[in-house]
Structure formats: structure tokens, C-alpha cells
$ cat work-v4.pdb   # PDB, C-alpha atoms, pLDDT in the B column
ATOM      1  CA  MET F   1      66.772 131.956 108.768  1.00 49.00           C
ATOM      2  CA  LYS F   2      70.546 131.718 108.885  1.00 53.00           C
ATOM      3  CA  THR F   3      72.594 133.077 106.044  1.00 55.00           C
ATOM      4  CA  PRO F   4      75.861 131.384 105.104  1.00 56.00           C
ATOM      5  CA  SER F   5      78.884 133.238 106.388  1.00 60.00           C
ATOM      6  CA  ALA F   6      81.435 134.610 103.959  1.00 60.00           C
ATOM      7  CA  ASN F   7      83.954 132.067 105.280  1.00 65.00           C
ATOM      8  CA  ALA F   8      81.619 129.071 104.956  1.00 71.00           C
ATOM      9  CA  ARG F   9      83.093 126.192 103.045  1.00 71.00           C
ATOM     10  CA  PRO F  10      81.192 125.401  99.836  1.00 73.00           C
ATOM     11  CA  SER F  11      79.722 121.916  99.633  1.00 84.00           C
ATOM     12  CA  LEU F  12      81.134 119.497  97.089  1.00 84.00           C
ATOM     13  CA  ALA F  13      77.663 118.958  95.655  1.00 87.00           C
ATOM     14  CA  ALA F  14      77.209 122.696  95.088  1.00 89.00           C
ATOM     15  CA  ILE F  15      80.651 123.006  93.500  1.00 89.00           C
ATOM     16  CA  ALA F  16      79.973 120.023  91.228  1.00 89.00           C
ATOM     17  CA  ARG F  17      76.636 121.486  90.101  1.00 91.00           C
ATOM     18  CA  ARG F  18      78.227 124.837  89.290  1.00 91.00           C
ATOM     19  CA  LEU F  19      81.081 123.191  87.373  1.00 92.00           C
ATOM     20  CA  GLU F  20      78.657 121.046  85.376  1.00 93.00           C
ATOM     21  CA  VAL F  21      76.520 124.076  84.506  1.00 95.00           C
ATOM     22  CA  ALA F  22      79.624 125.953  83.344  1.00 95.00           C
ATOM     23  CA  PHE F  23      80.725 122.952  81.290  1.00 94.00           C
ATOM     24  CA  ARG F  24      77.359 122.638  79.566  1.00 96.00           C
ATOM     25  CA  ALA F  25      77.410 126.360  78.799  1.00 96.00           C
ATOM     26  CA  ASP F  26      80.998 126.066  77.474  1.00 96.00           C
ATOM     27  CA  ARG F  27      82.132 128.665  79.997  1.00 96.00           C
ATOM     28  CA  THR F  28      85.457 129.080  81.762  1.00 95.00           C
ATOM     29  CA  VAL F  29      85.467 128.585  85.522  1.00 93.00           C
ATOM     30  CA  THR F  30      87.629 130.533  87.945  1.00 93.00           C
ATOM     31  CA  LEU F  31      87.862 129.196  91.487  1.00 91.00           C
ATOM     32  CA  LYS F  32      88.575 131.175  94.634  1.00 91.00           C
ATOM     33  CA  PRO F  33      91.511 129.750  96.628  1.00 91.00           C
ATOM     34  CA  GLN F  34      89.192 128.290  99.285  1.00 89.00           C
ATOM     35  CA  THR F  35      87.065 126.543  96.654  1.00 89.00           C
ATOM     36  CA  ALA F  36      90.147 125.353  94.773  1.00 90.00           C
ATOM     37  CA  LEU F  37      91.377 123.665  97.959  1.00 91.00           C
ATOM     38  CA  VAL F  38      88.046 121.857  98.413  1.00 89.00           C
ATOM     39  CA  VAL F  39      88.162 120.686  94.794  1.00 90.00           C
ATOM     40  CA  ALA F  40      91.812 119.589  95.105  1.00 92.00           C
ATOM     41  CA  VAL F  41      91.085 117.512  98.223  1.00 90.00           C
ATOM     42  CA  ALA F  42      88.082 115.880  96.538  1.00 87.00           C
ATOM     43  CA  VAL F  43      90.019 115.089  93.356  1.00 88.00           C
ATOM     44  CA  ARG F  44      92.906 113.660  95.376  1.00 89.00           C
ATOM     45  CA  ALA F  45      90.500 111.437  97.335  1.00 82.00           C
ATOM     46  CA  PHE F  46      88.856 110.290  94.099  1.00 79.00           C
ATOM     47  CA  ALA F  47      92.245 109.509  92.522  1.00 82.00           C
ATOM     48  CA  VAL F  48      93.258 107.110  95.299  1.00 81.00           C
ATOM     49  CA  GLN F  49      90.180 104.925  94.982  1.00 81.00           C
ATOM     50  CA  PRO F  50      91.170 101.504  96.380  1.00 85.00           C
ATOM     51  CA  THR F  51      90.485  98.289  94.518  1.00 85.00           C
ATOM     52  CA  ARG F  52      88.085  95.720  95.941  1.00 86.00           C
ATOM     53  CA  ASP F  53      90.990  93.415  96.833  1.00 86.00           C
ATOM     54  CA  GLU F  54      92.762  96.223  98.713  1.00 86.00           C
ATOM     55  CA  VAL F  55      89.584  96.860 100.694  1.00 87.00           C
ATOM     56  CA  VAL F  56      89.247  93.135 101.490  1.00 87.00           C
ATOM     57  CA  ARG F  57      92.800  93.061 102.846  1.00 85.00           C
ATOM     58  CA  LEU F  58      92.019  96.026 105.092  1.00 86.00           C
ATOM     59  CA  ILE F  59      88.754  94.697 106.532  1.00 85.00           C
ATOM     60  CA  CYS F  60      89.535  90.982 106.848  1.00 82.00           C
ATOM     61  CA  ASN F  61      89.636  89.950 110.501  1.00 72.00           C
ATOM     62  CA  GLN F  62      91.784  86.863 109.951  1.00 68.00           C
ATOM     63  CA  LYS F  63      95.069  86.935 111.864  1.00 63.00           C
ATOM     64  CA  ALA F  64      96.847  84.904 109.185  1.00 65.00           C
ATOM     65  CA  PRO F  65      96.452  85.838 105.520  1.00 60.00           C
ATOM     66  CA  CYS F  66      93.860  83.722 103.727  1.00 63.00           C
ATOM     67  CA  GLU F  67      94.696  81.874 100.533  1.00 68.00           C
ATOM     68  CA  GLY F  68      91.436  83.202  99.105  1.00 75.00           C
ATOM     69  CA  PHE F  69      89.108  85.875 100.352  1.00 82.00           C
ATOM     70  CA  CYS F  70      86.123  84.842 102.475  1.00 83.00           C
ATOM     71  CA  TYR F  71      82.608  85.661 101.284  1.00 85.00           C
ATOM     72  CA  PRO F  72      81.644  88.105 104.095  1.00 84.00           C
ATOM     73  CA  CYS F  73      84.761  90.217 103.497  1.00 86.00           C
ATOM     74  CA  ILE F  74      84.245  90.187  99.721  1.00 88.00           C
ATOM     75  CA  ALA F  75      80.596  91.221 100.141  1.00 90.00           C
ATOM     76  CA  LEU F  76      81.506  94.118 102.430  1.00 90.00           C
ATOM     77  CA  ALA F  77      84.373  95.177 100.161  1.00 89.00           C
ATOM     78  CA  ASN F  78      82.009  95.146  97.174  1.00 90.00           C
ATOM     79  CA  ARG F  79      79.607  97.455  99.018  1.00 91.00           C
ATOM     80  CA  ILE F  80      82.432  99.823  99.980  1.00 89.00           C
ATOM     81  CA  SER F  81      83.752  99.801  96.400  1.00 85.00           C
ATOM     82  CA  GLN F  82      80.258 100.607  95.107  1.00 87.00           C
ATOM     83  CA  LEU F  83      80.119 103.614  97.423  1.00 85.00           C
ATOM     84  CA  TYR F  84      83.489 104.782  96.089  1.00 79.00           C
ATOM     85  CA  ALA F  85      82.090 104.425  92.584  1.00 76.00           C
ATOM     86  CA  GLY F  86      79.246 106.761  93.470  1.00 74.00           C
ATOM     87  CA  GLU F  87      76.455 104.249  94.044  1.00 71.00           C
ATOM     88  CA  ARG F  88      74.553 105.601  97.055  1.00 68.00           C
ATOM     89  CA  ASP F  89      72.862 102.401  98.165  1.00 61.00           C
ATOM     90  CA  GLY F  90      75.941 100.169  98.103  1.00 44.00           C
ATOM     91  CA  ARG F  91      73.716  97.091  97.718  1.00 48.00           C
TER      92      ARG F  91
END
$ encode --input "work-v4.pdb" --output "C-alpha cells"
Amino acid sequence: MKTPSANARPSLAAIARRLEVAFRADRTVTLKPQTALVVAVAVRAFAVQPTRDEVVRLICNQKAPCEGFCYPCIALANRISQLYAGERDGR
């Protein structure tokens, strides 16, 4: 069985669980620099969550801009937006 190395990067899920446990116990959390960087990157990614319309503009294959968005692009953008919102299935 492999043991995690001292330099292994902690998973976001593990960090989130530990932070939630500390919160529920009303405890202060101190992060190591490596863990703080992982948290900072995750928070930054969460903060720039695109809107559905921004996603549609990125994925639409039309050469000229549409007056309205087409159904296939809206459907795909909705699924992507649901994933950003934390819904695993996206359907």
C-alpha cells in the first residue's frame, strides 16, 4: 500500500471536509502554505463562474453572431452551468 508523500498535494474534497468539520466545531483553521495555495486557486476559480449566456457565446459554432441563442447551445450551456453550480450529473 502506498503512503502519501509529504509533498503530496491535498485534494480539494479532503480540504473541504476538514474545513467543514472545523466550522461545525467552531474551531479556527490554520493552513500550511501549500494548502493555502490550493484553496486560493479553488476560490478564484469559483469566483469567476461564467453565466449561461457567456458559456453559450463561447460554445456556439455559428460564424456570425445569432440574434438569439440556438437550442443545442443553450442546452449544453445549461449543463455546463449546472456543473459549475456543483450538480454532478449536469442533466
$ residues_around --input "work-v4.pdb" --residues "Gly86 of chain F" --least-positions-apart "5" --cutoff "12 Å" --atoms "all atoms listed in the file" --output "NGL selection string"
:F and (46 or 49 or 79-81 or 91)
$ write_last_selection --input "work-v4.pdb" --atoms "C-alpha atoms" --output "PDB file, keeping the file's coordinate frame"
ATOM      1  CA  PHE F  46      88.856 110.290  94.099  1.00 79.00           C
ATOM      2  CA  GLN F  49      90.180 104.925  94.982  1.00 81.00           C
ATOM      3  CA  ARG F  79      79.607  97.455  99.018  1.00 91.00           C
ATOM      4  CA  ILE F  80      82.432  99.823  99.980  1.00 89.00           C
ATOM      5  CA  SER F  81      83.752  99.801  96.400  1.00 85.00           C
ATOM      6  CA  ARG F  91      73.716  97.091  97.718  1.00 48.00           C
TER       7      ARG F  91
END
$ resolve_selection --input "work-v4.pdb" --expression "the PyMOL selection byres ((chain F and resi 9-25) around 8)" --output "ChimeraX atom specification"
/F:7-8,26-29,34-35,38-39,42
$ atom_distance --input "work-v4.pdb" --atom1 "atom CA of Glu54 of chain F" --atom2 "atom CA of Leu76 of chain F"
12.0 Å
$ atom_distance --input "work-v4.pdb" --atom1 "atom CA of Ala45 of chain F" --atom2 "atom CA of Cys60 of chain F"
22.6 Å
$ closest_residue --input "work-v4.pdb" --among "F:Val55, F:Ala47, F:Leu31, F:Val41" --to "Ala77 of chain F" --atoms "all atoms listed in the file"
F:Val55
$ atom_distance --input "work-v4.pdb" --atom1 "atom CA of Arg52 of chain F" --atom2 "atom CA of Cys73 of chain F"
9.9 Å
$ closest_residue --input "work-v4.pdb" --among "F:Leu37, F:Gln82, F:Arg44, F:Ile74" --to "Arg57 of chain F" --atoms "only C-alpha atoms"
F:Ile74
